[in-house]
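Peer 1: Structure: entry.cif, mmCIF, C-alpha atoms and all ligand atoms.
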data_my_file
loop_
_atom_site.label_atom_id
_atom_site.label_comp_id
_atom_site.auth_asym_id
_atom_site.auth_seq_id
_atom_site.Cartn_x
_atom_site.Cartn_y
_atom_site.Cartn_z
CA MET A 862 -65.92 9.80 -95.66
CA ASN A 863 -64.73 13.40 -95.48
CA THR A 864 -67.70 14.45 -93.38
CA PRO A 865 -66.91 15.48 -89.78
CA ILE A 866 -68.83 13.43 -87.22
CA THR A 867 -69.43 14.59 -83.65
CA ALA A 868 -70.30 12.34 -80.73
CA ARG A 869 -70.92 12.99 -77.05
CA ALA A 870 -70.18 10.57 -74.20
CA HIS A 871 -70.58 11.02 -70.46
CA THR A 872 -68.17 10.12 -67.71
CA ASN A 873 -68.95 7.39 -65.20
CA ILE A 874 -68.10 6.53 -61.60
CA ALA A 875 -67.67 2.88 -60.72
CA LEU A 876 -69.70 1.52 -57.81
CA ILE A 877 -68.02 -1.85 -58.29
CA LYS A 878 -64.48 -1.07 -59.39
CA TYR A 879 -62.28 -2.33 -62.21
CA TRP A 880 -58.73 -2.80 -60.92
CA GLY A 881 -56.60 -5.13 -63.01
CA LYS A 882 -56.33 -6.73 -66.43
CA LYS A 883 -55.93 -10.35 -67.42
CA ASN A 884 -54.98 -9.21 -70.93
CA ALA A 885 -53.27 -5.82 -71.09
CA GLU A 886 -53.18 -5.53 -74.89
CA LEU A 887 -56.89 -6.18 -75.37
CA ILE A 888 -57.87 -4.60 -72.01
CA ILE A 889 -59.71 -7.63 -70.68
CA PRO A 890 -60.29 -7.08 -66.93
CA THR A 891 -59.93 -9.64 -64.15
CA THR A 892 -63.36 -8.70 -62.77
CA SER A 893 -66.65 -7.32 -64.03
CA SER A 894 -67.49 -3.78 -62.86
CA LEU A 895 -70.56 -1.60 -62.55
CA SER A 896 -70.89 2.17 -62.79
CA LEU A 897 -73.21 5.14 -62.81
CA THR A 898 -72.90 7.42 -65.83
CA LEU A 899 -73.15 11.10 -64.89
CA ASP A 900 -75.42 13.30 -67.03
CA GLN A 901 -73.64 16.59 -66.27
CA PHE A 902 -70.09 15.65 -67.24
CA TYR A 903 -69.25 14.72 -70.81
CA THR A 904 -66.85 14.96 -73.72
CA ASP A 905 -67.79 16.14 -77.23
CA THR A 906 -65.49 14.82 -79.94
CA THR A 907 -65.45 15.57 -83.66
CA VAL A 908 -63.51 13.38 -86.08
CA VAL A 909 -62.87 13.81 -89.78
CA PHE A 910 -60.70 11.55 -91.91
CA ASP A 911 -58.85 13.72 -94.40
CA GLU A 912 -56.71 12.52 -97.34
CA GLN A 913 -54.61 15.70 -97.03
CA LEU A 914 -53.24 14.75 -93.59
CA THR A 915 -49.88 13.02 -93.16
CA HIS A 916 -50.53 12.09 -89.51
CA ASP A 917 -53.38 12.24 -87.00
CA GLU A 918 -54.00 15.67 -85.50
CA LEU A 919 -55.47 15.95 -82.02
CA SER A 920 -56.73 19.03 -80.25
CA LEU A 921 -58.02 18.84 -76.67
CA ASN A 922 -59.94 21.82 -75.36
CA ASP A 923 -58.60 23.82 -78.32
CA THR A 924 -54.95 22.98 -77.59
CA LEU A 925 -52.91 20.95 -80.08
CA ILE A 926 -51.60 17.78 -78.41
CA THR A 927 -48.32 16.10 -79.34
CA ASP A 928 -47.51 14.03 -76.23
CA ASN A 929 -48.38 10.41 -75.48
CA THR A 930 -52.10 11.22 -75.52
CA LEU A 931 -51.65 11.61 -79.29
CA THR A 932 -49.76 8.28 -79.44
CA LYS A 933 -52.62 6.56 -77.58
CA THR A 934 -55.17 8.21 -79.86
CA THR A 935 -53.32 7.16 -83.01
CA ALA A 936 -53.03 3.59 -81.72
CA PHE A 937 -56.79 3.64 -81.12
CA LEU A 938 -57.52 5.09 -84.57
CA ASP A 939 -55.34 2.37 -86.11
CA LEU A 940 -57.91 -0.12 -84.81
CA VAL A 941 -60.72 1.88 -86.39
CA ARG A 942 -58.80 2.16 -89.69
CA GLN A 943 -58.17 -1.58 -89.66
CA MET A 944 -61.88 -2.30 -89.07
CA ALA A 945 -62.91 0.11 -91.85
CA GLY A 946 -60.17 -0.96 -94.28
CA ILE A 947 -58.81 2.57 -94.70
CA ASP A 948 -55.43 4.21 -94.14
CA THR A 949 -56.45 7.86 -94.00
CA PHE A 950 -55.37 10.05 -91.08
CA ALA A 951 -57.84 12.00 -88.99
CA ARG A 952 -58.31 15.38 -87.38
CA ILE A 953 -59.79 15.05 -83.89
CA ASN A 954 -61.25 17.90 -81.87
CA SER A 955 -62.24 17.04 -78.35
CA ILE A 956 -63.83 19.29 -75.75
CA ASN A 957 -64.07 18.05 -72.17
CA HIS A 958 -66.95 19.19 -70.03
CA VAL A 959 -65.52 17.31 -67.07
CA PRO A 960 -63.94 19.18 -64.15
CA THR A 961 -60.42 17.81 -64.52
CA ALA A 962 -59.23 18.90 -61.08
CA ALA A 963 -62.02 16.92 -59.45
CA GLY A 964 -60.42 13.61 -60.36
CA LEU A 965 -63.41 12.71 -62.46
CA ALA A 966 -61.84 10.60 -65.15
CA SER A 967 -62.10 12.09 -68.61
CA SER A 968 -60.52 9.05 -70.26
CA ALA A 969 -63.83 7.16 -69.96
CA SER A 970 -65.93 9.83 -71.68
CA GLY A 971 -63.00 10.68 -73.98
CA PHE A 972 -62.51 7.24 -75.48
CA ALA A 973 -66.25 6.51 -75.56
CA ALA A 974 -66.84 9.71 -77.58
CA LEU A 975 -63.82 8.98 -79.78
CA ALA A 976 -65.05 5.43 -80.47
CA ALA A 977 -68.48 6.68 -81.51
CA ALA A 978 -67.26 9.61 -83.64
CA SER A 979 -64.29 7.90 -85.31
CA SER A 980 -66.11 4.67 -86.20
CA LYS A 981 -68.94 6.60 -87.83
CA ALA A 982 -66.56 8.99 -89.57
CA ALA A 983 -64.72 5.95 -90.98
CA GLY A 984 -67.96 4.67 -92.47
CA LEU A 985 -68.62 1.95 -89.89
CA ASP A 986 -72.06 1.39 -88.42
CA LEU A 987 -71.43 -0.24 -85.05
CA ASP A 988 -74.15 -1.22 -82.60
CA ARG A 989 -73.67 -0.25 -78.95
CA GLN A 990 -72.14 -3.59 -77.98
CA ALA A 991 -69.51 -3.25 -80.71
CA LEU A 992 -68.95 0.38 -79.71
CA SER A 993 -68.44 -0.66 -76.10
CA ARG A 994 -65.87 -3.27 -77.20
CA LEU A 995 -64.10 -0.66 -79.29
CA ALA A 996 -64.12 2.00 -76.53
CA ARG A 997 -62.68 -0.63 -74.16
CA ARG A 998 -59.56 -0.83 -76.34
CA GLY A 999 -58.88 2.85 -75.58
CA SER A 1000 -59.54 2.71 -71.85
CA GLY A 1001 -61.33 0.00 -69.90
CA SER A 1002 -63.74 2.30 -68.09
CA ALA A 1003 -64.76 3.84 -71.46
CA SER A 1004 -66.62 0.62 -72.30
CA ARG A 1005 -69.21 1.60 -69.65
CA SER A 1006 -69.58 5.21 -70.87
CA ILE A 1007 -71.37 4.05 -74.05
CA PHE A 1008 -74.47 3.68 -71.86
CA GLY A 1009 -76.38 5.98 -69.55
CA GLY A 1010 -77.45 5.16 -66.01
CA PHE A 1011 -76.19 1.98 -64.38
CA ALA A 1012 -73.99 -0.09 -66.69
CA GLU A 1013 -72.11 -3.32 -66.13
CA TRP A 1014 -68.87 -4.16 -67.92
CA VAL A 1015 -68.85 -7.93 -68.17
CA ALA A 1016 -65.22 -9.03 -67.90
CA GLY A 1017 -65.52 -11.77 -70.52
CA GLU A 1018 -62.59 -13.81 -71.79
CA ASP A 1019 -61.56 -12.16 -75.04
CA ASP A 1020 -62.21 -9.23 -77.35
CA PHE A 1021 -65.66 -10.52 -78.34
CA THR A 1022 -66.98 -11.29 -74.88
CA SER A 1023 -65.72 -8.25 -72.92
CA TYR A 1024 -68.19 -5.36 -73.17
CA ALA A 1025 -70.59 -3.28 -71.12
CA HIS A 1026 -74.37 -3.41 -71.19
CA PRO A 1027 -77.03 -1.32 -69.50
CA ILE A 1028 -78.44 -2.44 -66.16
CA GLN A 1029 -80.86 0.48 -65.91
CA GLU A 1030 -80.49 3.39 -68.35
CA ASN A 1031 -83.23 5.56 -66.89
CA VAL A 1032 -82.26 5.67 -63.25
CA THR A 1033 -85.27 5.45 -60.96
CA MET A 1034 -83.32 5.86 -57.72
CA ASP A 1035 -82.61 9.28 -56.21
CA ILE A 1036 -78.79 9.12 -56.32
CA GLN A 1037 -76.04 11.67 -56.81
CA MET A 1038 -72.27 11.92 -56.64
CA LEU A 1039 -70.95 14.81 -54.64
CA THR A 1040 -67.25 15.27 -55.38
CA VAL A 1041 -65.20 17.02 -52.73
CA VAL A 1042 -62.22 18.72 -54.35
CA LEU A 1043 -59.41 19.37 -51.89
CA ASP A 1044 -56.45 18.44 -54.05
CA GLY A 1045 -56.23 19.38 -57.71
CA SER A 1046 -52.77 17.99 -58.34
CA GLN A 1047 -52.06 15.34 -60.97
CA LYS A 1048 -51.92 11.75 -59.76
CA LYS A 1049 -48.42 10.39 -59.37
CA ILE A 1050 -49.24 6.83 -60.34
CA GLY A 1051 -51.45 6.36 -63.35
CA SER A 1052 -54.26 3.85 -62.95
CA ARG A 1053 -52.82 1.62 -65.67
CA GLN A 1054 -49.54 1.29 -63.79
CA GLY A 1055 -51.23 1.16 -60.35
CA MET A 1056 -53.57 -1.70 -61.16
CA GLN A 1057 -50.75 -3.67 -62.83
CA HIS A 1058 -48.59 -3.31 -59.72
CA ALA A 1059 -51.47 -4.39 -57.44
CA ILE A 1060 -52.21 -7.49 -59.48
CA ALA A 1061 -48.52 -8.44 -59.56
CA THR A 1062 -47.71 -7.93 -55.88
CA SER A 1063 -50.72 -7.71 -53.52
CA PRO A 1064 -51.21 -11.00 -51.66
CA PHE A 1065 -54.92 -10.18 -51.45
CA TYR A 1066 -55.50 -9.88 -55.19
CA ASN A 1067 -57.26 -13.25 -55.59
CA THR A 1068 -59.49 -12.44 -52.63
CA TRP A 1069 -60.42 -9.17 -54.35
CA VAL A 1070 -61.43 -11.05 -57.50
CA ALA A 1071 -63.65 -13.42 -55.49
CA GLU A 1072 -65.18 -10.70 -53.25
CA SER A 1073 -65.82 -8.39 -56.15
CA ALA A 1074 -68.00 -11.04 -57.83
CA VAL A 1075 -70.06 -11.30 -54.63
CA ASP A 1076 -70.37 -7.49 -54.38
CA LEU A 1077 -71.49 -7.27 -58.00
CA VAL A 1078 -74.41 -9.69 -57.53
CA ALA A 1079 -75.52 -7.80 -54.42
CA MET A 1080 -75.16 -4.43 -56.20
CA LYS A 1081 -77.38 -5.53 -59.09
CA GLN A 1082 -79.96 -6.69 -56.56
CA ALA A 1083 -79.78 -3.35 -54.71
CA ILE A 1084 -80.39 -1.48 -57.98
CA ALA A 1085 -83.31 -3.76 -58.86
CA ASN A 1086 -84.75 -3.20 -55.35
CA ASN A 1087 -84.22 0.58 -55.48
CA ASP A 1088 -82.32 0.10 -52.23
CA PHE A 1089 -80.07 3.15 -51.83
CA GLN A 1090 -78.62 2.19 -48.46
CA THR A 1091 -77.42 -1.23 -49.62
CA LEU A 1092 -76.03 0.32 -52.81
CA GLY A 1093 -74.08 2.88 -50.79
CA GLU A 1094 -72.75 0.34 -48.28
CA LEU A 1095 -71.61 -1.97 -51.06
CA ALA A 1096 -69.98 0.81 -53.09
CA GLU A 1097 -67.99 2.11 -50.13
CA HIS A 1098 -66.92 -1.39 -49.13
CA ASN A 1099 -65.89 -2.26 -52.68
CA ALA A 1100 -63.88 0.96 -53.10
CA LEU A 1101 -62.04 0.39 -49.81
CA GLN A 1102 -61.24 -3.16 -50.89
CA MET A 1103 -59.79 -1.84 -54.15
CA HIS A 1104 -57.63 0.68 -52.32
CA SER A 1105 -56.51 -2.02 -49.86
CA LEU A 1106 -54.83 -3.75 -52.79
CA ASN A 1107 -52.64 -0.69 -53.22
CA PHE A 1108 -51.84 -0.51 -49.49
CA THR A 1109 -50.81 -4.17 -49.59
CA ALA A 1110 -48.80 -4.03 -52.83
CA LYS A 1111 -45.01 -4.35 -52.65
CA PRO A 1112 -43.85 -1.62 -52.47
CA ALA A 1113 -47.09 -0.16 -51.16
CA PHE A 1114 -48.67 2.91 -52.68
CA THR A 1115 -51.89 4.84 -52.26
CA TYR A 1116 -53.97 7.49 -53.97
CA PHE A 1117 -55.17 8.68 -50.55
CA ASN A 1118 -53.83 11.73 -48.80
CA GLY A 1119 -54.72 13.28 -45.45
CA TYR A 1120 -57.82 14.92 -46.89
CA THR A 1121 -59.08 11.58 -48.20
CA LEU A 1122 -59.07 10.15 -44.67
CA SER A 1123 -60.61 13.32 -43.22
CA ILE A 1124 -63.50 13.16 -45.69
CA LEU A 1125 -63.94 9.43 -45.02
CA ASN A 1126 -64.23 10.33 -41.33
CA LEU A 1127 -66.72 13.06 -42.08
CA VAL A 1128 -68.85 10.62 -44.12
CA GLN A 1129 -68.88 8.21 -41.17
CA ASP A 1130 -69.85 11.06 -38.82
CA LEU A 1131 -72.71 12.01 -41.12
CA ARG A 1132 -73.97 8.42 -41.03
CA ARG A 1133 -73.84 8.43 -37.23
CA GLN A 1134 -76.12 11.48 -37.41
CA GLY A 1135 -78.55 9.48 -39.54
CA ILE A 1136 -77.59 10.97 -42.91
CA GLN A 1137 -77.18 8.45 -45.69
CA ALA A 1138 -73.81 9.28 -47.21
CA TYR A 1139 -71.26 6.83 -48.60
CA ALA A 1140 -67.79 7.31 -50.02
CA THR A 1141 -66.08 6.11 -53.15
CA MET A 1142 -62.57 6.92 -54.38
CA ASP A 1143 -60.80 6.31 -57.68
CA ALA A 1144 -57.21 6.81 -58.82
CA GLY A 1145 -56.88 10.13 -57.00
CA PRO A 1146 -57.26 11.67 -53.53
CA ASN A 1147 -60.66 13.34 -53.91
CA VAL A 1148 -63.65 11.55 -52.39
CA LYS A 1149 -67.02 11.22 -54.11
CA ILE A 1150 -69.90 11.12 -51.68
CA ILE A 1151 -72.79 8.96 -52.86
CA SER A 1152 -75.93 10.59 -51.53
CA GLN A 1153 -79.55 11.56 -52.19
CA SER A 1154 -80.87 14.99 -53.13
CA ASP A 1155 -82.56 15.74 -49.80
CA ALA A 1156 -79.18 15.40 -48.02
CA THR A 1157 -77.23 17.73 -50.34
CA GLN A 1158 -77.53 20.82 -48.16
CA VAL A 1159 -76.54 19.20 -44.90
CA ILE A 1160 -73.60 17.37 -46.51
CA CYS A 1161 -72.32 20.53 -48.22
CA ALA A 1162 -72.66 22.49 -44.96
CA ALA A 1163 -70.69 19.85 -43.06
CA ILE A 1164 -67.93 19.90 -45.68
CA LYS A 1165 -67.73 23.70 -45.75
CA ASN A 1166 -67.71 23.80 -41.96
CA ASN A 1167 -64.69 21.53 -41.76
CA PHE A 1168 -62.97 22.48 -45.03
CA PRO A 1169 -63.79 26.06 -46.02
CA ASN A 1170 -61.57 25.77 -49.11
CA ALA A 1171 -63.20 22.64 -50.47
CA GLY A 1172 -64.69 22.71 -53.94
CA ILE A 1173 -67.89 20.72 -54.33
CA GLU A 1174 -69.31 19.32 -57.57
CA VAL A 1175 -72.72 17.69 -57.46
CA ALA A 1176 -73.57 15.37 -60.33
CA LYS A 1177 -76.29 12.89 -61.13
C1 LIG A 1201 -63.02 2.15 -62.48
N1 LIG A 1201 -60.72 3.10 -62.50
O1 LIG A 1201 -63.65 1.09 -62.44
C2 LIG A 1201 -61.61 2.14 -61.91
C3 LIG A 1201 -61.61 2.44 -60.44
C4 LIG A 1201 -60.03 3.88 -61.53
C5 LIG A 1201 -60.38 3.29 -60.21
O2 LIG A 1201 -61.14 2.40 -64.57
O3 LIG A 1201 -55.80 1.06 -68.20
O4 LIG A 1201 -58.43 4.65 -67.20
O5 LIG A 1201 -57.14 2.66 -69.58
O6 LIG A 1201 -58.12 0.48 -68.89
O7 LIG A 1201 -60.11 2.76 -67.39
C6 LIG A 1201 -59.40 3.88 -64.39
O8 LIG A 1201 -58.74 3.07 -65.30
O9 LIG A 1201 -57.66 2.24 -67.18
C7 LIG A 1201 -60.48 3.08 -63.82
P1 LIG A 1201 -57.16 1.58 -68.54
P2 LIG A 1201 -58.82 3.26 -66.87
O10 LIG A 1201 -63.51 3.22 -62.90
#
Mind turning the file's structure into structure tokens?
Peer 2:
Amino acid sequence: MNTPITARAHTNIALIKYWGKKNAELIIPTTSSLSLTLDQFYTDTTVVFDEQLTHDELSLNDTLITDNTLTKTTAFLDLVRQMAGIDTFARINSINHVPTAAGLASSASGFAALAAASSKAAGLDLDRQALSRLARRGSGSASRSIFGGFAEWVAGEDDFTSYAHPIQENVTMDIQMLTVVLDGSQKKIGSRQGMQHAIATSPFYNTWVAESAVDLVAMKQAIANNDFQTLGELAEHNALQMHSLNFTAKPAFTYFNGYTLSILNLVQDLRRQGIQAYATMDAGPNVKIISQSDATQVICAAIKNNFPNAGIEVAK
């Protein structure tokens, strides 16, 4: 058991969003969600259980962590220890290859990599469904990062029935996420708190749950049909619905800023010019433009023209 185990997991961007839990302790969502895992952005995590340790030790990008990220990690490792029947503490080394300023969530790749490395280091041999269930306990979106390509997190009803599965691991569609970075500041409202507030106070929450189920069926069909345009339209619509919950919460809040709206406008302008570009936004102000490789140049030029200071990350 004293052998260090390393695992890699990639981040993902939801095309059909997860925004609310019906069980906060077990992280059971109110809706199923569907994402695209990005090959370029990932986390590498090494875990070793060591009898010499008196507490878990976490280093992130070579910095020792003692804040609530360590508390969350220890709570997660307690689950692994319970499953493995051990009480040994662990040393965790995690390196993020995810541009943090871009608002690309590293919690998804982080907990997926931690689930894989820690379970194996503890002597467990979990299949991918069990790994997805375990990763979910760290962060909901991490359940999807166990798989490549398009993955669906089936909401389920309890710990056993809530896990992700692959829809298409080897993506056949030409699709990329172009992240426009105009604001590198930390989000003010964490997604955990934001989604809880939306579920508790937005009068449109039940409509979201119903509409999201409709969007999900259509999204799976679009993937099966290799239909990029429908995929993009659905993803943008679904993201705007999710953010509408925040606008209609009491009190209202939003992850958008002025740049978010400007980029949304630019995406609409591009479409009017016949360029297939669609927007999706998560718990931060930066917009991801869902596009195809032949449009990269024209989209980047349009962004640079309007926002010379914008950073652009292209990921598949
Ligand atoms: C998603 N997001 O589907 C949605 C869309 C952000 C916006 O999953 O509370 O870090 O740890 O389960 O997974 C971000 O939320 O939340 C997220 P927890 P998580 O990707």
Peer 1: Go through A:Asn1126, A:Ser1002, A:Ser1063, A:Ser920 one by one, measure the shortest atom-to-atom distance of each to Pro1112 of chain A using all atoms listed in the file, and give the residue with the smallest value.
Peer 2: A:Ser1063
Peer 1: By how many Å are atom CA of Thr872 of chain A and atom CA of Ser893 of chain A apart?
Peer 2: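 So the two atoms, atom CA of Thr872 of chain A and atom CA of Ser893 of chain A, lie 17.9 Å apart.
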Peer 1: Residues of segment 989-1050 of chain A that have any atom at most 12 Å from an atom of segment 944-963 of chain A: could you tabulate them with the shortest-distance atom pair and the distance in Å to one decimal, using only C-alpha atoms, ordered by chain and increasing number, as CSV?
Peer 2:
residue,atom,partner,partner_atom,distance
A:Ala991,CA,A:Met944,CA,11.4
A:Leu995,CA,A:Met944,CA,10.2
A:Met1038,CA,A:Ala963,CA,11.7
A:Leu1039,CA,A:Ala963,CA,10.4
A:Thr1040,CA,A:Ala963,CA,6.8
A:Val1041,CA,A:Ala963,CA,7.4
A:Val1042,CA,A:Ala963,CA,5.4
A:Leu1043,CA,A:Ala963,CA,8.4
A:Asp1044,CA,A:Ala962,CA,7.6
A:Gly1045,CA,A:Ala962,CA,4.5
A:Ser1046,CA,A:Ala962,CA,7.1
A:Gln1047,CA,A:Ala962,CA,8.0
A:Lys1048,CA,A:Ala962,CA,10.3
Peer 1: Mind dumping a table of every chain A residue within 6 Å of ligand LIG 1201 (chain A), with the nearest atom pair and its distance in Å to one decimal, using only C-alpha atoms and all ligand atoms, sorted by chain and rising number, as a Markdown table?
Peer 2:
| residue | atom | partner | partner_atom | distance |
| --- | --- | --- | --- | --- |
| A:Ile874 | CA | A:LIG1201 | O10 | 5.8 |
| A:Ala875 | CA | A:LIG1201 | O10 | 4.7 |
| A:Lys878 | CA | A:LIG1201 | O1 | 3.8 |
| A:Tyr879 | CA | A:LIG1201 | O1 | 3.7 |
| A:Trp880 | CA | A:LIG1201 | C2 | 5.8 |
| A:Ile888 | CA | A:LIG1201 | O6 | 6.0 |
| A:Ser968 | CA | A:LIG1201 | O4 | 5.8 |
| A:Ser1000 | CA | A:LIG1201 | O5 | 3.3 |
| A:Gly1001 | CA | A:LIG1201 | O6 | 3.4 |
| A:Ser1002 | CA | A:LIG1201 | O7 | 3.7 |
| A:Ser1052 | CA | A:LIG1201 | O8 | 5.1 |
| A:Arg1053 | CA | A:LIG1201 | O3 | 3.9 |
| A:Asp1143 | CA | A:LIG1201 | C5 | 4.0 |
| A:Ala1144 | CA | A:LIG1201 | C4 | 4.9 |
Peer 1: Excluding Leu1095 of chain A and its own-chain neighbours fewer than 3 positions away, which residues fall within 8 Å of it when counting all atoms listed in the file? Please give them as a list in words.
Peer 2: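 Counting all atoms listed in the file, the residues come to Leu876, Asp1076, Ala1079, Met1080, Thr1091, Leu1092, His1098 and Asn1099 of chain A.
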Peer 1: Counting only C-alpha atoms, which residues have an atom no more than 9 Å from (-61.0, -4.3, -68.7) in the file's coordinates? Please list them as number ranges by chain.
Peer 2: A: 879-885, 887-894, 997-998, 1000-1002, 1004, 1014-1017, 1023-1024
Peer 1: Calculate, to one decimal in Å, the centre and edge lengths of the box along x, y and z of the file that holds all listed atoms of segment 1128-1131 of chain A with 8 Å of margin on each side, and present them as AutoDock Vina command-line options.
Peer 2:
--center_x -70.8 --center_y 10.1 --center_z -41.5 --size_x 19.9 --size_y 19.8 --size_z 21.3
Peer 1: Using only C-alpha atoms, collect all residues at a distance of at most 7 Å from (-46.8, 3.2, -57.0) as written in the file, then present them as a ChimeraX atom specification.
Peer 2: /A:1050,1055,1113-1114
Peer 1: Output C-alpha atoms of each residue in that selection to a file, as a short mmCIF file (atom, residue, chain, number, x, y, z; two decimals), keeping the file's coordinate frame.
Peer 2:
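Writing the result to part22.cif gives the following:
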data_model
loop_
_atom_site.label_atom_id
_atom_site.label_comp_id
_atom_site.auth_asym_id
_atom_site.auth_seq_id
_atom_site.Cartn_x
_atom_site.Cartn_y
_atom_site.Cartn_z
CA ILE A 1050 -49.24 6.83 -60.34
CA GLY A 1055 -51.23 1.16 -60.35
CA ALA A 1113 -47.09 -0.16 -51.16
CA PHE A 1114 -48.67 2.91 -52.68
#
Peer 1: For a test of reading the model, state the distance in Å between atom CA of Asn1107 of chain A and atom CA of Ala1059 of chain A, rounded to one decimal.
Peer 2: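 Atom-to-atom, atom CA of Asn1107 of chain A to atom CA of Ala1059 of chain A, that is 5.7 Å.
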Peer 1: To one decimal in Å, tell me the separation between atom CA of Thr907 of chain A and atom CA of Thr927 of chain A.
Peer 2: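 Going from atom CA of Thr907 of chain A over to atom CA of Thr927 of chain A, I get 17.7 Å.
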Peer 1: When distances are computed from only C-alpha atoms, which of A:Glu1030, A:Glu1094, A:Asp911, A:Glu886 shows the smallest separation from Arg1132 of chain A?
Peer 2: A:Glu1094
Peer 1: Select, from A:Val1075, A:Leu914, A:Ile1084, A:Leu1131, the residue with the minimum atom-to-atom distance to Met1034 of chain A, counting all atoms listed in the file.
Peer 2: A:Ile1084
Peer 1: Identify, on the basis of only C-alpha atoms, every residue whose closest approach to Leu1127 of chain A does not exceed 10 Å; exclude the query and any residue fewer than 5 positions from it along the same chain; express the result as a PyMOL selection string.
Peer 2: chain A and resi 1121-1122+1132-1133+1138+1140+1160+1163-1164+1167
Peer 1: Please write the residues from the selection above to a file, keeping C-alpha atoms, as a short mmCIF file (atom, residue, chain, number, x, y, z; two decimals), in the coordinates of the input.
Peer 2:
data_model
loop_
_atom_site.label_atom_id
_atom_site.label_comp_id
_atom_site.auth_asym_id
_atom_site.auth_seq_id
_atom_site.Cartn_x
_atom_site.Cartn_y
_atom_site.Cartn_z
CA THR A 1121 -59.08 11.58 -48.20
CA LEU A 1122 -59.07 10.15 -44.67
CA ARG A 1132 -73.97 8.42 -41.03
CA ARG A 1133 -73.84 8.43 -37.23
CA ALA A 1138 -73.81 9.28 -47.21
CA ALA A 1140 -67.79 7.31 -50.02
CA ILE A 1160 -73.60 17.37 -46.51
CA ALA A 1163 -70.69 19.85 -43.06
CA ILE A 1164 -67.93 19.90 -45.68
CA ASN A 1167 -64.69 21.53 -41.76
#
Peer 1: Excluding Phe1008 of chain A and residues on its chain fewer than 3 positions from it, collect all residues at most 7 Å away from it, counting all atoms listed in the file, and give them as a VMD selection string.
Peer 2: chain A and resid 1005 1012 1027 1030
Peer 1: Given the choices A:Leu919, A:Gln901, A:Thr867, A:Ala1085, which gets closest to Ser980 of chain A if the distance is worked out from only C-alpha atoms?
Peer 2: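 Distance minimum relative to Ser980 of chain A lands on A:Thr867.
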Peer 1: Identify which of the residues A:Ile1150, A:Val1159, A:Ala1003, A:Ile926 lies closest to Ser970 of chain A, counting only C-alpha atoms when measuring atom-to-atom distances.
Peer 2: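 Smallest separation from Ser970 of chain A among the options: A:Ala1003.
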Peer 1: Looking at A:Tyr1139, A:Phe1065, A:Phe1021, A:Phe1089, which one is nearest to Lys1111 of chain A, with distances taken over only C-alpha atoms?
Peer 2: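 Result for the nearest residue to Lys1111 of chain A: A:Phe1065.
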